[in-house]
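query26.cif (mmCIF, C-alpha atoms)
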data_data
loop_
_atom_site.label_atom_id
_atom_site.label_comp_id
_atom_site.auth_asym_id
_atom_site.auth_seq_id
_atom_site.Cartn_x
_atom_site.Cartn_y
_atom_site.Cartn_z
CA MET X 115 -104.50 31.66 148.31
CA ARG X 116 -107.33 29.13 148.51
CA LEU X 117 -110.72 30.45 147.51
CA THR X 118 -112.93 31.08 150.53
CA LEU X 119 -116.61 31.93 150.54
CA GLU X 120 -115.85 35.45 151.81
CA ARG X 121 -113.29 36.06 149.05
CA ALA X 122 -115.64 34.60 146.40
CA GLU X 123 -118.46 36.92 147.49
CA LYS X 124 -116.17 39.95 147.26
CA LEU X 125 -114.91 38.95 143.81
CA MET X 126 -118.43 38.23 142.55
CA ASN X 127 -119.83 41.51 143.88
CA HIS X 128 -116.92 43.49 142.43
CA ALA X 129 -117.46 41.84 139.04
CA ALA X 130 -121.16 42.64 139.17
CA SER X 131 -120.50 46.29 140.05
CA VAL X 132 -118.68 46.97 136.76
CA MET X 133 -120.83 45.09 134.27
CA GLU X 134 -124.11 45.50 132.48
CA GLY X 135 -126.69 42.83 133.23
CA ARG X 136 -125.48 42.84 136.84
CA GLU X 137 -128.62 41.28 138.31
CA ASN X 138 -128.67 38.35 135.88
CA TYR X 139 -125.00 37.63 136.54
CA LEU X 140 -125.51 37.75 140.31
CA ARG X 141 -128.65 35.60 140.21
CA HIS X 142 -127.00 32.94 138.03
CA SER X 143 -123.77 32.86 140.05
CA ARG X 144 -125.59 32.71 143.38
CA SER X 145 -127.92 30.03 142.06
CA VAL X 146 -125.01 27.87 140.86
CA GLY X 147 -123.14 28.31 144.14
CA ASP X 148 -126.13 27.70 146.40
CA THR X 149 -127.24 24.65 144.38
CA ALA X 150 -123.68 23.30 144.47
CA ALA X 151 -123.55 23.58 148.26
CA VAL X 152 -126.75 21.52 148.61
CA ILE X 153 -125.46 18.80 146.28
CA ALA X 154 -121.99 18.77 147.90
CA LYS X 155 -123.60 18.19 151.30
CA ALA X 156 -125.89 15.47 149.91
CA VAL X 157 -122.98 13.51 148.46
CA GLY X 158 -120.95 13.82 151.65
CA LEU X 159 -118.26 16.32 150.68
CA GLU X 160 -116.59 17.91 153.67
CA ASP X 161 -116.84 21.56 152.56
CA PRO X 162 -120.15 22.62 150.98
CA ASP X 163 -119.15 26.29 151.37
CA TYR X 164 -116.14 25.66 149.12
CA ALA X 165 -118.56 24.37 146.46
CA ARG X 166 -120.66 27.51 146.98
CA ALA X 167 -117.56 29.73 146.58
CA LEU X 168 -116.56 28.01 143.33
CA GLY X 169 -120.09 28.49 141.99
CA TYR X 170 -120.04 32.18 142.85
CA VAL X 171 -116.91 32.82 140.72
CA HIS X 172 -117.29 30.30 137.88
CA ASP X 173 -118.50 32.94 135.38
CA ILE X 174 -116.42 35.84 136.66
CA GLY X 175 -114.68 36.17 133.29
CA LYS X 176 -117.90 37.50 131.78
CA HIS X 177 -117.42 40.88 133.47
CA LEU X 178 -113.95 41.40 131.99
CA ASP X 179 -115.02 41.71 128.37
CA GLU X 180 -118.78 41.57 127.88
CA LYS X 181 -118.42 41.89 124.10
CA ASN X 182 -116.16 38.85 124.01
CA VAL X 183 -118.06 36.40 126.23
CA GLU X 184 -116.78 33.47 124.19
CA TRP X 185 -113.45 33.89 126.01
CA HIS X 186 -114.94 34.24 129.52
CA ASP X 187 -113.44 30.91 130.60
CA VAL X 188 -109.88 31.92 129.75
CA LEU X 189 -110.31 35.49 131.01
CA GLY X 190 -111.80 34.29 134.30
CA PHE X 191 -109.00 31.78 134.89
CA GLN X 192 -106.37 34.43 134.30
CA TYR X 193 -108.21 37.03 136.39
CA LEU X 194 -108.56 34.78 139.45
CA GLN X 195 -104.84 33.98 139.30
CA GLU X 196 -104.06 37.72 139.07
CA GLN X 197 -106.18 38.16 142.22
CA GLY X 198 -103.94 35.68 144.04
CA ILE X 199 -106.34 32.72 143.89
CA ASP X 200 -104.63 29.32 143.67
CA GLU X 201 -104.40 27.85 140.20
CA GLN X 202 -106.44 24.80 141.28
CA ASP X 203 -109.34 27.04 142.31
CA ALA X 204 -108.98 29.29 139.25
CA TRP X 205 -109.55 26.21 137.08
CA ILE X 206 -113.27 26.46 137.88
CA CYS X 207 -113.53 29.12 135.18
CA MET X 208 -112.25 26.62 132.62
CA THR X 209 -113.94 23.43 133.82
CA HIS X 210 -117.49 24.71 134.36
CA SER X 211 -118.40 24.81 130.67
CA TYR X 212 -116.71 21.65 129.45
CA ILE X 213 -117.63 18.18 130.66
CA ASN X 214 -114.88 15.57 131.15
CA GLY X 215 -112.07 17.94 130.16
CA ASP X 216 -113.27 18.03 126.56
CA TYR X 217 -113.63 21.56 125.21
CA THR X 218 -115.92 20.24 122.45
CA CYS X 219 -118.43 19.06 125.08
CA GLN X 220 -120.29 22.30 125.68
CA ALA X 221 -123.51 24.01 124.65
CA GLY X 222 -123.49 26.36 121.69
CA GLY X 223 -121.05 24.71 119.33
CA ILE X 224 -117.34 24.06 119.47
CA PRO X 225 -115.39 27.09 120.74
CA LYS X 226 -112.21 28.45 119.23
CA GLU X 227 -109.06 26.63 120.21
CA HIS X 228 -106.85 27.97 122.97
CA PRO X 229 -104.03 26.15 124.80
CA LEU X 230 -105.97 26.34 128.10
CA ARG X 231 -109.08 24.87 126.44
CA CYS X 232 -107.28 22.19 124.50
CA GLU X 233 -104.01 20.84 125.86
CA LYS X 234 -104.21 22.10 129.46
CA LEU X 235 -107.88 21.22 130.02
CA ARG X 236 -107.34 17.73 128.64
CA GLU X 237 -104.48 17.22 131.12
CA HIS X 238 -106.44 18.64 134.07
CA HIS X 239 -108.05 16.03 136.35
CA TYR X 240 -111.52 17.23 137.43
CA ASN X 241 -112.22 16.93 141.12
CA THR X 242 -115.71 16.31 142.52
CA TYR X 243 -116.22 19.99 143.33
CA GLU X 244 -115.52 20.96 139.72
CA GLU X 245 -117.92 18.30 138.48
CA ILE X 246 -120.61 19.65 140.81
CA ILE X 247 -120.18 23.15 139.36
CA ASN X 248 -120.31 21.60 135.88
CA LEU X 249 -123.62 20.01 136.84
CA CYS X 250 -125.03 23.08 138.58
CA ASP X 251 -124.22 25.36 135.66
CA LEU X 252 -126.48 23.00 133.69
CA MET X 253 -129.21 23.19 136.36
CA CYS X 254 -129.31 26.95 136.92
CA LEU X 255 -130.29 29.94 134.89
CA HIS X 256 -131.47 32.45 137.49
CA GLU X 257 -132.74 29.73 139.82
CA THR X 258 -132.36 25.98 140.18
CA MET X 259 -134.25 23.94 137.58
CA THR X 260 -134.05 20.50 136.07
CA MET X 261 -131.15 19.91 133.75
CA GLU X 262 -133.62 18.98 131.01
CA LYS X 263 -135.32 22.38 131.25
CA ARG X 264 -131.97 24.17 131.26
CA LEU X 265 -130.73 22.17 128.25
CA ILE X 266 -133.87 23.23 126.35
CA ASP X 267 -133.12 26.84 127.32
CA LEU X 268 -129.58 26.46 125.95
CA LEU X 269 -130.86 24.89 122.73
CA VAL X 270 -133.31 27.75 122.19
CA ARG X 271 -130.71 30.44 122.89
CA LYS X 272 -127.62 28.84 121.34
CA GLY X 273 -129.07 26.58 118.67
CA VAL X 274 -128.25 23.06 117.54
CA HIS X 275 -124.66 22.37 116.55
CA GLU X 276 -122.52 19.40 115.52
CA ASN X 277 -121.64 18.69 119.16
CA THR X 278 -125.15 19.15 120.63
CA HIS X 279 -126.07 15.46 120.89
CA TYR X 280 -122.71 14.63 122.45
CA HIS X 281 -123.11 17.44 125.00
CA ILE X 282 -126.65 16.46 126.01
CA VAL X 283 -125.84 12.75 126.40
CA THR X 284 -122.71 13.52 128.43
CA ALA X 285 -124.57 16.06 130.61
CA LEU X 286 -127.25 13.50 131.47
CA LYS X 287 -124.56 10.96 132.38
CA LEU X 288 -123.05 13.54 134.73
CA LYS X 289 -126.41 13.92 136.48
CA GLU X 290 -126.74 10.12 136.76
CA LYS X 291 -123.33 10.01 138.44
CA PHE X 292 -124.48 12.45 141.13
CA ASP X 293 -127.81 10.66 141.52
CA GLN X 294 -125.81 7.53 142.36
CA MET X 295 -123.47 9.39 144.70
CA ALA X 296 -126.43 10.93 146.56
CA GLY X 297 -128.37 7.65 146.59
CA ARG X 298 -131.41 9.34 145.06
CA ASP X 299 -132.51 11.66 142.28
CA ILE X 300 -130.77 14.94 143.10
CA TYR X 301 -133.87 16.84 141.95
CA GLU X 302 -135.47 15.64 145.19
CA LEU X 303 -133.07 17.95 147.04
CA PHE X 304 -134.90 20.93 145.53
CA PRO X 305 -138.63 20.62 146.29
CA HIS X 306 -139.44 23.83 144.42
CA ILE X 307 -138.41 22.48 141.00
CA LYS X 308 -140.93 20.68 138.84
CA TYR X 309 -139.93 17.59 136.90
#

Let me see the file written as structure tokens.
Amino acid sequence: MRLTLERAEKLMNHAASVMEGRENYLRHSRSVGDTAAVIAKAVGLEDPDYARALGYVHDIGKHLDEKNVEWHDVLGFQYLQEQGIDEQDAWICMTHSYINGDYTCQAGGIPKEHPLRCEKLREHHYNTYEEIINLCDLMCLHETMTMEKRLIDLLVRKGVHENTHYHIVTALKLKEKFDQMAGRDIYELFPHIKY
């Protein structure tokens, strides 16, 4: 079944109902989804609500094992498939943390290897919706902010690692891509953020 906004809201709310830190999870997920819908519309995608739905469930794996958040990508992917969501849509749990299909391109150091993170992710072709969620996850904590501010937040919380420079440079290139697609600085779409 293709992920719809209604189904995404139900899945997100169910996840939030069984986890600690419920409000932070909901605020982040809603922020990513709502920001994604604005950017999807600005770059001319036909279904901004699909972008919103993907944003709402991108971190759903975090509710499955809060003590093992490092595996939230894999757990979320598997969970969405168990819920009958199409594999293509379930990929959002894997793609949101890693830019360009490279599991080493993420904040907080290089994660442990897993076939979904390594071989399968490398083979997976990101679509524009997945790239938007990638971008929005790097623009949202509990509300939309500049990517630069969010990257500083990630550095403070997760530290500097051997892949940090690579991740930051690649993240900024991703933003440039969407600036070009929108024909302007995407920060202009969000008048409340300061940059």

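Across X:Leu117, X:Val188, X:Met261, X:Val183, the tightest approach to Tyr301 of chain X is made by X:Met261 when counting all atoms listed in the file.
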
Best match for closeness to Ala154 of chain X among X:Met253, X:Leu189, X:Leu265, X:Ile246, counting all atoms listed in the file: X:Ile246

Here is a test: counting only C-alpha atoms, which residue of X:Asp293, X:Cys219, X:Thr258, X:Trp205 is nearest to His279 of chain X?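 Checking each candidate against His279 of chain X, we get X:Cys219 as the closest.
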
Residues within 9 Å of segment 158-173 of chain X, only C-alpha atoms, excluding chain neighbours under 2 positions, as an MDAnalysis selection string: chainID X and resid 117:123 125:126 139:140 142:156 175:177 186:187 190:191 194 203:210 242:244 246:247 250:251 295:296

Step by step, work through what the PyMOL selection byres ((chain X and resi 212) around 12) selects in the shown file, and finish by giving those residues as a PyMOL selection string. chain X and resi 187+205-211+213-225+230-232+235-236+238+240+244-245+247-249+251-252+277+280-282+284-285+288

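Atom CA of Ile199 of chain X lies 5.9 Å from atom CA of Arg116 of chain X.
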
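Remark: for Asp179 of chain X, the closest of the candidate residues X:Arg141, X:Gly198, X:Val132, X:Ile307 is X:Val132 (distances computed over all atoms listed in the file).
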
For a test of reading the model, state the distance in Å between atom CA of Lys308 of chain X and atom CA of Glu257 of chain X, rounded to one decimal.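 Distance between the two atoms: 12.2 Å.
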
Atom CA of Arg264 of chain X and atom CA of Asp299 of chain X, how far apart in Å? 16.7 Å

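The residue set within 10 Å of Lys263 of chain X, counting all atoms listed in the file and dropping same-chain residues fewer than 3 places from it, reads Leu252, Met253, Cys254, Leu255, Met259, Thr260, Ile266, Asp267, Leu268, Leu269, Lys308 and Tyr309 of chain X.
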